[in-house]
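Chemist: One file is attached below, query29.pdb, containing PDB, C-alpha atoms (C1' of nucleotides).
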```pdb
ATOM      1  CA  MET Z  18      20.960  46.324   1.930
ATOM      2  CA  ASN Z  19      17.329  47.291   1.351
ATOM      3  CA  GLU Z  20      15.349  45.663   4.144
ATOM      4  CA  LYS Z  21      12.187  45.660   2.119
ATOM      5  CA  SER Z  22      13.684  43.546  -0.670
ATOM      6  CA  VAL Z  23      15.085  41.060   1.806
ATOM      7  CA  GLU Z  24      11.731  40.869   3.500
ATOM      8  CA  THR Z  25       9.988  40.178   0.230
ATOM      9  CA  ILE Z  26      12.466  37.530  -0.828
ATOM     10  CA  GLN Z  27      12.294  35.848   2.536
ATOM     11  CA  PHE Z  28       8.511  35.740   2.609
ATOM     12  CA  GLU Z  29       7.967  34.792  -1.007
ATOM     13  CA  MET Z  30      10.571  32.082  -0.658
ATOM     14  CA  ALA Z  31       8.624  30.479   2.176
ATOM     15  CA  THR Z  32       5.442  30.803   0.162
ATOM     16  CA  LEU Z  33       7.027  29.263  -2.906
ATOM     17  CA  VAL Z  34       8.233  26.294  -0.923
ATOM     18  CA  ARG Z  35       4.750  25.808   0.423
ATOM     19  CA  TYR Z  36       3.323  25.690  -3.062
ATOM     20  CA  VAL Z  37       5.949  23.425  -4.478
ATOM     21  CA  THR Z  38       5.847  21.120  -1.482
ATOM     22  CA  SER Z  39       2.203  20.276  -2.056
ATOM     23  CA  VAL Z  40       2.438  16.606  -2.705
ATOM     24  CA  SER Z  41       2.296  15.955  -6.416
ATOM     25  CA  SER Z  42       1.488  12.358  -5.567
ATOM     26  CA  ASP Z  43       1.812  11.048  -9.108
ATOM     27  CA  LYS Z  44       2.165   7.684  -7.459
ATOM     28  CA  ASN Z  45       2.607   4.627  -9.652
ATOM     29  CA  GLY Z  46       6.166   4.190  -8.535
ATOM     30  CA  LYS Z  47       7.272   7.069 -10.720
ATOM     31  CA  LEU Z  48       9.844   9.707  -9.906
ATOM     32  CA  ASP Z  49       9.452  12.178  -7.090
ATOM     33  CA  ARG Z  50      11.232  15.517  -6.713
ATOM     34  CA  SER Z  51      14.177  14.210  -4.751
ATOM     35  CA  GLY Z  52      14.594  11.316  -7.132
ATOM     36  CA  TYR Z  53      14.504  13.711 -10.031
ATOM     37  CA  LEU Z  54      17.371  15.784  -8.698
ATOM     38  CA  LEU Z  55      19.394  12.727  -7.856
ATOM     39  CA  LEU Z  56      18.815  11.144 -11.226
ATOM     40  CA  HIS Z  57      19.605  14.415 -12.943
ATOM     41  CA  ARG Z  58      22.919  14.507 -11.139
ATOM     42  CA  LEU Z  59      23.749  10.936 -12.071
ATOM     43  CA  SER Z  60      22.792  11.629 -15.644
ATOM     44  CA  SER Z  61      24.713  14.856 -16.108
ATOM     45  CA  GLN Z  62      27.782  14.184 -14.020
ATOM     46  CA  GLY Z  63      28.088  10.432 -13.976
ATOM     47  CA  SER Z  64      28.117   7.735 -11.346
ATOM     48  CA  THR Z  65      29.229   8.190  -7.797
ATOM     49  CA  GLY Z  66      28.551   7.097  -4.245
ATOM     50  CA  VAL Z  67      26.158   8.464  -1.691
ATOM     51  CA  LYS Z  68      28.783  10.300   0.278
ATOM     52  CA  THR Z  69      29.796  12.457  -2.648
ATOM     53  CA  LEU Z  70      26.191  13.039  -3.549
ATOM     54  CA  ALA Z  71      25.325  13.994  -0.004
ATOM     55  CA  ASN Z  72      28.174  16.492   0.060
ATOM     56  CA  GLU Z  73      27.170  18.033  -3.228
ATOM     57  CA  PHE Z  74      23.549  18.273  -2.177
ATOM     58  CA  HIS Z  75      24.278  19.332   1.375
ATOM     59  CA  LEU Z  76      22.105  16.546   2.620
ATOM     60  CA  ASP Z  77      22.724  13.892   5.210
ATOM     61  CA  ILE Z  78      24.203  10.671   3.846
ATOM     62  CA  SER Z  79      21.287   8.704   5.221
ATOM     63  CA  THR Z  80      18.877  10.828   3.247
ATOM     64  CA  VAL Z  81      20.691  10.259  -0.011
ATOM     65  CA  SER Z  82      21.145   6.592   0.797
ATOM     66  CA  ARG Z  83      17.405   6.170   0.974
ATOM     67  CA  GLN Z  84      16.773   8.244  -2.118
ATOM     68  CA  ALA Z  85      19.298   6.191  -4.061
ATOM     69  CA  ALA Z  86      17.801   2.951  -2.770
ATOM     70  CA  ALA Z  87      14.407   4.165  -3.962
ATOM     71  CA  LEU Z  88      15.802   4.871  -7.405
ATOM     72  CA  GLU Z  89      17.308   1.418  -7.548
ATOM     73  CA  GLN Z  90      14.100  -0.179  -6.362
ATOM     74  CA  LYS Z  91      12.246   1.558  -9.183
ATOM     75  CA  GLY Z  92      14.826   0.420 -11.695
ATOM     76  CA  TYR Z  93      16.050   3.928 -12.497
ATOM     77  CA  ALA Z  94      19.558   3.425 -11.162
ATOM     78  CA  SER Z  95      21.811   0.490 -10.424
ATOM     79  CA  ARG Z  96      24.026   0.047  -7.412
ATOM     80  CA  ILE Z  97      27.478  -0.933  -8.530
ATOM     81  CA  PRO Z  98      30.115  -2.216  -6.088
ATOM     82  CA  ASP Z  99      33.376  -0.317  -6.181
ATOM     83  CA  PRO Z 100      36.039  -2.843  -7.248
ATOM     84  CA  THR Z 101      38.759  -1.068  -5.293
ATOM     85  CA  ASP Z 102      36.869  -0.530  -2.035
ATOM     86  CA  ARG Z 103      34.465  -3.124  -0.842
ATOM     87  CA  ARG Z 104      32.618  -0.700   1.412
ATOM     88  CA  ALA Z 105      31.765   1.569  -1.457
ATOM     89  CA  TYR Z 106      29.156   1.623  -4.211
ATOM     90  CA  SER Z 107      28.346   3.920  -7.026
ATOM     91  CA  TYR Z 108      24.951   4.569  -8.496
ATOM     92  CA  GLN Z 109      24.557   4.605 -12.231
ATOM     93  CA  ILE Z 110      21.505   5.740 -14.136
ATOM     94  CA  THR Z 111      19.806   3.007 -16.178
ATOM     95  CA  ASP Z 112      18.213   3.311 -19.605
ATOM     96  CA  ASN Z 113      14.847   3.151 -17.959
ATOM     97  CA  GLY Z 114      16.017   5.890 -15.614
ATOM     98  CA  LYS Z 115      17.002   8.070 -18.559
ATOM     99  CA  LYS Z 116      13.590   7.654 -20.079
ATOM    100  CA  GLU Z 117      11.795   8.459 -16.863
ATOM    101  CA  LEU Z 118      14.082  11.409 -16.188
ATOM    102  CA  ALA Z 119      13.211  12.878 -19.564
ATOM    103  CA  ALA Z 120       9.509  12.269 -19.058
ATOM    104  CA  TYR Z 121       9.472  13.783 -15.598
ATOM    105  CA  LYS Z 122      11.460  16.783 -16.726
ATOM    106  CA  LYS Z 123       9.074  17.375 -19.592
ATOM    107  CA  GLU Z 124       6.147  17.217 -17.220
ATOM    108  CA  ARG Z 125       7.775  19.713 -14.879
ATOM    109  CA  MET Z 126       8.569  22.027 -17.747
ATOM    110  CA  ASN Z 127       4.972  21.990 -18.898
ATOM    111  CA  LYS Z 128       3.774  22.921 -15.457
ATOM    112  CA  VAL Z 129       6.273  25.752 -15.181
ATOM    113  CA  LYS Z 130       5.543  26.932 -18.699
ATOM    114  CA  ASN Z 131       1.930  27.152 -17.714
ATOM    115  CA  LEU Z 132       2.697  29.274 -14.682
ATOM    116  CA  LEU Z 133       4.885  31.507 -16.816
ATOM    117  CA  LYS Z 134       2.141  32.421 -19.256
ATOM    118  CA  GLY Z 135       2.188  36.129 -19.872
ATOM    119  CA  TRP Z 136       5.766  36.542 -18.717
ATOM    120  CA  SER Z 137       8.161  38.274 -21.016
ATOM    121  CA  GLU Z 138      11.244  36.571 -22.380
ATOM    122  CA  GLU Z 139      13.389  38.885 -20.295
ATOM    123  CA  GLU Z 140      11.559  38.146 -17.081
ATOM    124  CA  CYS Z 141      11.876  34.397 -17.587
ATOM    125  CA  GLU Z 142      15.551  34.671 -18.363
ATOM    126  CA  MET Z 143      16.151  36.943 -15.409
ATOM    127  CA  PHE Z 144      14.172  34.782 -13.004
ATOM    128  CA  GLY Z 145      16.091  31.663 -14.013
ATOM    129  CA  GLN Z 146      19.434  33.386 -13.597
ATOM    130  CA  LEU Z 147      18.553  34.861 -10.225
ATOM    131  CA  LEU Z 148      17.301  31.523  -8.922
ATOM    132  CA  LYS Z 149      20.511  29.945 -10.105
ATOM    133  CA  LYS Z 150      22.613  32.621  -8.486
ATOM    134  CA  PHE Z 151      20.706  32.281  -5.243
ATOM    135  CA  ASN Z 152      21.190  28.527  -5.206
ATOM    136  CA  ARG Z 153      24.885  28.896  -5.851
ATOM    137  CA  SER Z 154      25.108  31.054  -2.763
ATOM    138  CA  PHE Z 155      24.155  28.065  -0.635
ATOM    139  CA  SER Z 156      27.423  26.371  -1.505
TER     140      SER Z 156
ATOM    141  CA  MET U  30       8.721  30.747 -24.914
ATOM    142  CA  ASN U  31      12.438  30.117 -24.559
ATOM    143  CA  GLU U  32      12.814  26.476 -23.570
ATOM    144  CA  LYS U  33      16.164  27.084 -21.980
ATOM    145  CA  SER U  34      14.809  29.629 -19.520
ATOM    146  CA  VAL U  35      11.956  27.354 -18.553
ATOM    147  CA  GLU U  36      14.379  24.505 -18.066
ATOM    148  CA  THR U  37      16.564  26.614 -15.821
ATOM    149  CA  ILE U  38      13.654  27.853 -13.747
ATOM    150  CA  GLN U  39      12.248  24.390 -13.398
ATOM    151  CA  PHE U  40      15.522  22.859 -12.295
ATOM    152  CA  GLU U  41      16.635  25.648 -10.007
ATOM    153  CA  MET U  42      13.221  25.681  -8.416
ATOM    154  CA  ALA U  43      13.560  22.019  -7.474
ATOM    155  CA  THR U  44      17.047  22.693  -6.180
ATOM    156  CA  LEU U  45      15.906  25.659  -4.154
ATOM    157  CA  VAL U  46      13.175  23.631  -2.516
ATOM    158  CA  ARG U  47      15.712  20.995  -1.620
ATOM    159  CA  TYR U  48      17.880  23.542   0.124
ATOM    160  CA  VAL U  49      15.084  25.255   1.941
ATOM    161  CA  THR U  50      13.461  21.986   2.939
ATOM    162  CA  SER U  51      16.483  20.931   4.970
ATOM    163  CA  VAL U  52      15.038  20.676   8.414
ATOM    164  CA  SER U  53      15.925  23.756  10.393
ATOM    165  CA  SER U  54      15.104  21.809  13.559
ATOM    166  CA  ASP U  55      15.232  24.803  15.833
ATOM    167  CA  LYS U  56      13.211  22.656  18.194
ATOM    168  CA  ASN U  57      12.259  24.118  21.559
ATOM    169  CA  GLY U  58       8.642  24.346  20.516
ATOM    170  CA  LYS U  59       9.344  27.438  18.436
ATOM    171  CA  LEU U  60       7.872  28.318  15.069
ATOM    172  CA  ASP U  61       8.396  26.248  11.971
ATOM    173  CA  ARG U  62       8.003  27.371   8.366
ATOM    174  CA  SER U  63       4.363  26.426   8.014
ATOM    175  CA  GLY U  64       3.537  28.017  11.326
ATOM    176  CA  TYR U  65       5.314  31.153  10.242
ATOM    177  CA  LEU U  66       3.206  31.522   7.129
ATOM    178  CA  LEU U  67       0.020  30.803   9.007
ATOM    179  CA  LEU U  68       0.843  33.224  11.779
ATOM    180  CA  HIS U  69       1.854  35.853   9.254
ATOM    181  CA  ARG U  70      -1.546  35.507   7.612
ATOM    182  CA  LEU U  71      -3.362  35.797  10.917
ATOM    183  CA  SER U  72      -1.285  38.796  11.828
ATOM    184  CA  SER U  73      -1.623  40.698   8.584
ATOM    185  CA  GLN U  74      -5.175  39.839   7.605
ATOM    186  CA  GLY U  75      -6.885  39.012  10.854
ATOM    187  CA  SER U  76      -8.663  36.023  12.324
ATOM    188  CA  THR U  77     -10.444  33.368  10.328
ATOM    189  CA  GLY U  78     -11.210  29.662  10.248
ATOM    190  CA  VAL U  79      -9.253  26.801   8.763
ATOM    191  CA  LYS U  80     -11.424  26.488   5.693
ATOM    192  CA  THR U  81     -10.696  30.011   4.534
ATOM    193  CA  LEU U  82      -7.030  29.585   5.322
ATOM    194  CA  ALA U  83      -6.869  26.308   3.451
ATOM    195  CA  ASN U  84      -8.461  27.938   0.414
ATOM    196  CA  GLU U  85      -6.080  30.854   0.496
ATOM    197  CA  PHE U  86      -3.084  28.612   0.906
ATOM    198  CA  HIS U  87      -4.276  25.964  -1.513
ATOM    199  CA  LEU U  88      -3.749  23.358   1.131
ATOM    200  CA  ASP U  89      -6.021  20.638   2.414
ATOM    201  CA  ILE U  90      -8.190  21.658   5.363
ATOM    202  CA  SER U  91      -6.735  18.860   7.447
ATOM    203  CA  THR U  92      -3.251  20.216   6.906
ATOM    204  CA  VAL U  93      -4.196  23.685   8.073
ATOM    205  CA  SER U  94      -6.217  22.258  10.931
ATOM    206  CA  ARG U  95      -3.109  20.594  12.274
ATOM    207  CA  GLN U  96      -0.929  23.616  11.701
ATOM    208  CA  ALA U  97      -3.424  25.804  13.515
ATOM    209  CA  ALA U  98      -3.686  23.315  16.365
ATOM    210  CA  ALA U  99       0.103  23.386  16.644
ATOM    211  CA  LEU U 100       0.079  27.170  16.857
ATOM    212  CA  GLU U 101      -2.535  27.032  19.568
ATOM    213  CA  GLN U 102      -0.631  24.387  21.453
ATOM    214  CA  LYS U 103       2.448  26.600  21.427
ATOM    215  CA  GLY U 104       0.433  29.559  22.615
ATOM    216  CA  TYR U 105       0.885  31.590  19.437
ATOM    217  CA  ALA U 106      -2.777  31.597  18.434
ATOM    218  CA  SER U 107      -6.077  31.091  20.176
ATOM    219  CA  ARG U 108      -9.042  29.120  18.901
ATOM    220  CA  ILE U 109     -12.171  31.195  19.221
ATOM    221  CA  PRO U 110     -15.641  29.705  18.762
ATOM    222  CA  ASP U 111     -17.790  31.453  16.208
ATOM    223  CA  PRO U 112     -20.809  32.799  18.109
ATOM    224  CA  THR U 113     -23.076  32.498  15.063
ATOM    225  CA  ASP U 114     -22.094  29.005  13.930
ATOM    226  CA  ARG U 115     -21.265  26.413  16.496
ATOM    227  CA  ARG U 116     -19.316  24.285  14.051
ATOM    228  CA  ALA U 117     -16.909  27.061  13.289
ATOM    229  CA  TYR U 118     -13.856  28.580  14.952
ATOM    230  CA  SER U 119     -11.486  31.334  14.111
ATOM    231  CA  TYR U 120      -7.837  31.530  14.996
ATOM    232  CA  GLN U 121      -6.461  34.721  16.401
ATOM    233  CA  ILE U 122      -2.798  35.541  16.898
ATOM    234  CA  THR U 123      -1.788  36.082  20.540
ATOM    235  CA  ASP U 124       0.655  38.620  21.916
ATOM    236  CA  ASN U 125       3.131  35.846  22.400
ATOM    237  CA  GLY U 126       2.513  34.841  18.787
ATOM    238  CA  LYS U 127       3.257  38.358  17.616
ATOM    239  CA  LYS U 128       6.529  38.341  19.487
ATOM    240  CA  GLU U 129       7.558  34.960  18.115
ATOM    241  CA  LEU U 130       6.485  35.927  14.607
ATOM    242  CA  ALA U 131       8.717  38.984  14.732
ATOM    243  CA  ALA U 132      11.627  36.982  16.117
ATOM    244  CA  TYR U 133      11.298  34.232  13.547
ATOM    245  CA  LYS U 134      10.998  36.713  10.718
ATOM    246  CA  LYS U 135      14.108  38.514  11.869
ATOM    247  CA  GLU U 136      15.988  35.250  11.980
ATOM    248  CA  ARG U 137      14.865  34.366   8.459
ATOM    249  CA  MET U 138      15.831  37.787   7.197
ATOM    250  CA  ASN U 139      19.294  37.445   8.632
ATOM    251  CA  LYS U 140      19.779  34.125   6.891
ATOM    252  CA  VAL U 141      18.567  35.504   3.585
ATOM    253  CA  LYS U 142      20.630  38.655   3.980
ATOM    254  CA  ASN U 143      23.633  36.461   4.427
ATOM    255  CA  LEU U 144      22.939  34.554   1.234
ATOM    256  CA  LEU U 145      22.433  37.831  -0.589
ATOM    257  CA  LYS U 146      25.865  39.190   0.201
ATOM    258  CA  GLY U 147      27.398  40.636  -2.907
ATOM    259  CA  TRP U 148      24.068  41.076  -4.671
ATOM    260  CA  SER U 149      23.250  44.473  -6.048
ATOM    261  CA  GLU U 150      20.256  46.439  -4.877
ATOM    262  CA  GLU U 151      18.652  45.946  -8.280
ATOM    263  CA  GLU U 152      19.118  42.189  -8.253
ATOM    264  CA  CYS U 153      17.561  41.867  -4.814
ATOM    265  CA  GLU U 154      14.629  44.021  -5.787
ATOM    266  CA  MET U 155      14.144  42.138  -9.044
ATOM    267  CA  PHE U 156      14.428  38.723  -7.408
ATOM    268  CA  GLY U 157      11.832  39.608  -4.808
ATOM    269  CA  GLN U 158       9.406  40.921  -7.406
ATOM    270  CA  LEU U 159       9.825  37.925  -9.675
ATOM    271  CA  LEU U 160       9.315  35.475  -6.823
ATOM    272  CA  LYS U 161       6.203  37.388  -5.869
ATOM    273  CA  LYS U 162       4.907  37.367  -9.404
ATOM    274  CA  PHE U 163       5.579  33.667  -9.738
ATOM    275  CA  ASN U 164       3.734  32.903  -6.515
ATOM    276  CA  ARG U 165       0.766  34.986  -7.625
ATOM    277  CA  SER U 166       0.538  32.834 -10.725
ATOM    278  CA  PHE U 167      -0.325  29.843  -8.546
ATOM    279  CA  SER U 168      -3.593  31.467  -7.593
TER     280      SER U 168
ATOM    281  C1'  DT H  25     -41.602  19.749  10.966
ATOM    282  C1'  DA H  26     -38.794  15.795   9.826
ATOM    283  C1'  DT H  27     -35.517  14.057   6.962
ATOM    284  C1'  DA H  28     -31.858  14.595   3.778
ATOM    285  C1'  DT H  29     -27.956  17.112   2.433
ATOM    286  C1'  DA H  30     -24.231  20.310   2.981
ATOM    287  C1'  DT H  31     -20.612  22.480   5.712
ATOM    288  C1'  DT H  32     -16.832  23.154   9.377
ATOM    289  C1'  DA H  33     -13.652  21.051  11.487
ATOM    290  C1'  DT H  34     -10.899  17.074  13.561
ATOM    291  C1'  DT H  35      -8.607  12.655  13.524
ATOM    292  C1'  DG H  36      -6.650   8.316  11.387
ATOM    293  C1'  DT H  37      -3.526   6.860   8.120
ATOM    294  C1'  DA H  38      -0.123   7.305   4.497
ATOM    295  C1'  DT H  39       3.809   9.359   1.864
ATOM    296  C1'  DG H  40       7.777  12.345   0.977
ATOM    297  C1'  DA H  41      11.780  14.704   2.640
ATOM    298  C1'  DT H  42      14.794  15.372   5.862
ATOM    299  C1'  DA H  43      18.193  14.676  10.177
ATOM    300  C1'  DC H  44      20.610  12.330  13.926
ATOM    301  C1'  DA H  45      22.209   8.221  16.084
ATOM    302  C1'  DA H  46      23.425   3.425  16.143
ATOM    303  C1'  DC H  47      25.416  -0.014  13.587
ATOM    304  C1'  DT H  48      28.132  -3.079  10.002
ATOM    305  C1'  DA H  49      31.758  -3.807   7.157
ATOM    306  C1'  DT H  50      35.977  -2.525   5.384
ATOM    307  C1'  DA H  51      40.114   0.385   4.941
ATOM    308  C1'  DA H  52      43.903   3.045   6.714
ATOM    309  C1'  DT H  53      47.014   4.194  10.322
ATOM    310  C1'  DA H  54      49.839   4.002  14.420
TER     311       DA H  54
ATOM    312  C1'  DT L  26      47.958  -6.033  15.390
ATOM    313  C1'  DA L  27      45.008  -2.823  17.550
ATOM    314  C1'  DT L  28      42.864   1.437  16.866
ATOM    315  C1'  DT L  29      40.699   4.747  14.268
ATOM    316  C1'  DA L  30      38.528   6.446  10.179
ATOM    317  C1'  DT L  31      35.326   5.872   6.297
ATOM    318  C1'  DA L  32      31.214   4.243   3.241
ATOM    319  C1'  DG L  33      27.055   2.940   3.649
ATOM    320  C1'  DT L  34      22.450   1.219   5.760
ATOM    321  C1'  DT L  35      18.795   1.113   9.085
ATOM    322  C1'  DG L  36      16.055   2.744  13.243
ATOM    323  C1'  DT L  37      13.693   6.529  14.879
ATOM    324  C1'  DA L  38      11.926  11.216  14.826
ATOM    325  C1'  DT L  39       9.991  15.584  12.855
ATOM    326  C1'  DC L  40       7.797  18.486   9.411
ATOM    327  C1'  DA L  41       4.674  19.019   5.595
ATOM    328  C1'  DT L  42       1.355  17.417   3.083
ATOM    329  C1'  DA L  43      -3.045  14.655   1.222
ATOM    330  C1'  DC L  44      -7.104  11.638   1.308
ATOM    331  C1'  DA L  45     -10.709   9.257   3.807
ATOM    332  C1'  DA L  46     -13.691   8.700   7.694
ATOM    333  C1'  DT L  47     -16.102  10.881  11.202
ATOM    334  C1'  DA L  48     -18.671  14.257  14.490
ATOM    335  C1'  DA L  49     -21.301  18.096  15.054
ATOM    336  C1'  DT L  50     -24.044  21.531  13.341
ATOM    337  C1'  DA L  51     -26.477  24.168   9.794
ATOM    338  C1'  DT L  52     -29.361  24.466   5.670
ATOM    339  C1'  DA L  53     -32.547  22.856   2.337
ATOM    340  C1'  DT L  54     -36.326  20.111   0.891
ATOM    341  C1'  DA L  55     -40.267  17.050   1.003
TER     342       DA L  55
END
```
Represent the structure contained in this file as structure tokens.
Modeler:
Amino acid sequence: MNEKSVETIQFEMATLVRYVTSVSSDKNGKLDRSGYLLLHRLSSQGSTGVKTLANEFHLDISTVSRQAAALEQKGYASRIPDPTDRRAYSYQITDNGKKELAAYKKERMNKVKNLLKGWSEEECEMFGQLLKKFNRSFS
Amino acid sequence: MNEKSVETIQFEMATLVRYVTSVSSDKNGKLDRSGYLLLHRLSSQGSTGVKTLANEFHLDISTVSRQAAALEQKGYASRIPDPTDRRAYSYQITDNGKKELAAYKKERMNKVKNLLKGWSEEECEMFGQLLKKFNRSFS
DNA sequence: TATATATTATTGTATGATACAACTATAATA
DNA sequence: TATTATAGTTGTATCATACAATAATATATA
């Protein structure tokens, strides 16, 4: 394994996170990054409870619990009691949530598109696939 | 611009940040991610004040001020008064800071190396370069 | 020179994202 | 039935960030 490549990846990864972490602070009770990912999951793979979500995301249940509660509070998801297990709930995306998810995604895509100005088609494709592959390796 | 690529990048980027953001919680007063980047900067480009650092990092001065104070508190950097301007200070990495920087970097590299198992040399190289290019586009 | 303005940095306060620990309620098991 | 396991929430803590207010000093202007 080429040390230099690993070094670059490691450093640029930290740098990237610093950039992306800069609070977007859209405010107005809209979606935030964590809510976006959660809502995306609910939208693309259907309703489920916080435990499952936490496992999938490799996050603590308490973290997801709060994120889900925030989504519900904003009206983007609804908390539905499990009829077969009175401890359990599942979160389901609402129509309003679908709208906001689409809007937020569009906004994110515009930002990324802007950063990708001057990139070739191949580079974009490659970058996306490598990011995806890297993320898969966390699981 | 291929929408699909942008969509992938945008989504995987959010996912990546979620993974990396998971609190490492090494504790013990050691380095954290922000301290690592700051110390790296001080090490590779020399001493300077928080304003310059904040500009370079695209962070608020207050954020860097706290990060620098944390480094000083841990003994990894020292706060040196500017002899020509009594408002100003520069932060200089200490020997202890150099040691900790090297140790932290090594630790990070091991983690990344682990995630990169099974990747080809070319993929690693490409991923590093694309991350770098993407980060440059923030500036 | 005296006053006004700009600059460097710190500190107070707030939010987002996360974890761990304590707890409640319910289910499953021995 | 008594114990243990499970789903979820809430309290508390840390890291990472921003914005606003402030202190001290430097620079510019009247």
Chemist: Write out as a compact mmCIF listing (two decimals) with C-alpha atoms (C1' of nucleotides), keeping the file's coordinate frame the residues lying within 9 Å of Ser94 of chain U, counting only C-alpha atoms (C1' of nucleotides) and excluding same-chain residues fewer than 2 positions away.
Modeler:
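Here's the written file out_18.txt:
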```
# COMPACT_ATOMS: atom_id res chain seq x y z
CA GLY U 78 -11.21 29.66 10.25
CA VAL U 79 -9.25 26.80 8.76
CA LYS U 80 -11.42 26.49 5.69
CA ALA U 83 -6.87 26.31 3.45
CA ASP U 89 -6.02 20.64 2.41
CA ILE U 90 -8.19 21.66 5.36
CA SER U 91 -6.74 18.86 7.45
CA THR U 92 -3.25 20.22 6.91
CA GLN U 96 -0.93 23.62 11.70
CA ALA U 97 -3.42 25.80 13.52
CA ALA U 98 -3.69 23.32 16.36
CA ALA U 99 0.10 23.39 16.64
C1' DA H 33 -13.65 21.05 11.49
C1' DT H 34 -10.90 17.07 13.56
```
Chemist: Give me, please, the distance in Å between atom CA of Asn84 of chain U and atom CA of Ser119 of chain U, quoted to one decimal.
Modeler: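 It comes out at 14.4 Å.
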Chemist: On this structure, the PyMOL selection byres ((chain L) within 9 of (chain Z)) would catch which residues? List them as a PDB file with C-alpha atoms (C1' of nucleotides), keeping the file's coordinate frame, sorted by chain and number.
Modeler:
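Resulting contents of selection_36.pdb:
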```pdb
ATOM      1  C1'  DT L  31      35.326   5.872   6.297  1.00  0.00           C
ATOM      2  C1'  DA L  32      31.214   4.243   3.241  1.00  0.00           C
ATOM      3  C1'  DG L  33      27.055   2.940   3.649  1.00  0.00           C
ATOM      4  C1'  DT L  34      22.450   1.219   5.760  1.00  0.00           C
ATOM      5  C1'  DT L  35      18.795   1.113   9.085  1.00  0.00           C
ATOM      6  C1'  DA L  41       4.674  19.019   5.595  1.00  0.00           C
ATOM      7  C1'  DT L  42       1.355  17.417   3.083  1.00  0.00           C
ATOM      8  C1'  DA L  43      -3.045  14.655   1.222  1.00  0.00           C
TER       9       DA L  43
END
```
Chemist: What are the residues of chain H lining chain U at 9 Å or less? Count all atoms listed in the file, and put the answer as a PyMOL selection string.
Modeler: chain H and resi 31-35+41-43
Chemist: Applying 12 Å and all atoms listed in the file, which residues near Gly135 of chain Z remain after dropping the ones on its own chain fewer than 6 positions away? List them as a PyMOL selection string.
Modeler: (chain Z and resi 141) or (chain U and resi 30+162-163+166)
Chemist: So that I have them on file, write out the residues from the current selection with C-alpha atoms, as an mmCIF file, keeping the file's coordinate frame.
Modeler:
```
data_model
loop_
_atom_site.group_PDB
_atom_site.id
_atom_site.type_symbol
_atom_site.label_atom_id
_atom_site.label_comp_id
_atom_site.auth_asym_id
_atom_site.auth_seq_id
_atom_site.Cartn_x
_atom_site.Cartn_y
_atom_site.Cartn_z
ATOM 1 C CA CYS Z 141 11.876 34.397 -17.587
ATOM 2 C CA MET U 30 8.721 30.747 -24.914
ATOM 3 C CA LYS U 162 4.907 37.367 -9.404
ATOM 4 C CA PHE U 163 5.579 33.667 -9.738
ATOM 5 C CA SER U 166 0.538 32.834 -10.725
#
```
Chemist: Convert the output of the PyMOL selection byres ((chain U) within 7 of (chain Z)) on the shown file into explicit residues, formatted as a PyMOL selection string.
Modeler: chain U and resi 30-31+34-39+41+43+45-46+62+137-138+141-142+144+150+153-154+156-157+159-161+164+166-167
Chemist: Applied to the shown file, which residues does the PyMOL selection byres ((chain Z and resi 117) around 12) return, written as a short mmCIF file (atom, residue, chain, number, x, y, z; two decimals) with C-alpha atoms, in the coordinates of the input?
Modeler:
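Contents of the output file expr_1.cif:
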```cif
data_model
loop_
_atom_site.label_atom_id
_atom_site.label_comp_id
_atom_site.auth_asym_id
_atom_site.auth_seq_id
_atom_site.Cartn_x
_atom_site.Cartn_y
_atom_site.Cartn_z
CA GLY Z 46 6.17 4.19 -8.54
CA LYS Z 47 7.27 7.07 -10.72
CA LEU Z 48 9.84 9.71 -9.91
CA ASP Z 49 9.45 12.18 -7.09
CA GLY Z 52 14.59 11.32 -7.13
CA TYR Z 53 14.50 13.71 -10.03
CA LEU Z 56 18.82 11.14 -11.23
CA HIS Z 57 19.60 14.42 -12.94
CA SER Z 60 22.79 11.63 -15.64
CA LEU Z 88 15.80 4.87 -7.40
CA LYS Z 91 12.25 1.56 -9.18
CA GLY Z 92 14.83 0.42 -11.70
CA TYR Z 93 16.05 3.93 -12.50
CA ALA Z 94 19.56 3.42 -11.16
CA ILE Z 110 21.50 5.74 -14.14
CA THR Z 111 19.81 3.01 -16.18
CA ASP Z 112 18.21 3.31 -19.60
CA ASN Z 113 14.85 3.15 -17.96
CA GLY Z 114 16.02 5.89 -15.61
CA LYS Z 115 17.00 8.07 -18.56
CA LYS Z 116 13.59 7.65 -20.08
CA LEU Z 118 14.08 11.41 -16.19
CA ALA Z 119 13.21 12.88 -19.56
CA ALA Z 120 9.51 12.27 -19.06
CA TYR Z 121 9.47 13.78 -15.60
CA LYS Z 122 11.46 16.78 -16.73
CA LYS Z 123 9.07 17.38 -19.59
CA GLU Z 124 6.15 17.22 -17.22
#
```
Chemist: Which residues come within 8 Å of Thr77 of chain U, counting only C-alpha atoms (C1' of nucleotides), excluding same-chain residues fewer than 3 positions away, as a list in words?
Modeler: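 Close residues of Thr77 of chain U: Leu71, Thr81, Leu82, Tyr118, Ser119, Tyr120 and Gln121 of chain U.
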Chemist: Pick out the residues sitting within 12 Å of DG36 of chain H, and hand them over as an MDAnalysis selection string; count all atoms listed in the file, and ignore anything fewer than 4 positions along from it in its own chain.
Modeler: (chainID U and resid 91) or (chainID L and resid 44:47)
Chemist: Report, in Å with one decimal, the straight-line distance from atom C1' of DA27 of chain L to atom C1' of DT50 of chain H.
Modeler: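 One can read the atom C1' of DA27 of chain L to atom C1' of DT50 of chain H distance as 15.2 Å.
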Chemist: Work out how far atom C1' of DA45 of chain H is from atom C1' of DT39 of chain L, in Å to one decimal.
Modeler: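 If I compute the distance from atom C1' of DT39 of chain L to atom C1' of DA45 of chain H, I get 14.6 Å.
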Chemist: Export segment 151-155 of chain Z, C-alpha atoms, as a tab-separated table (two decimals), in the first residue's frame; it's the structure right above.
Modeler:
```
chain	number	residue	atom	x	y	z
Z	151	PHE	CA	-15.22	4.10	0.63
Z	152	ASN	CA	-18.47	4.48	2.52
Z	153	ARG	CA	-19.37	0.87	1.91
Z	154	SER	CA	-16.12	-0.11	3.55
Z	155	PHE	CA	-17.37	1.30	6.83
```
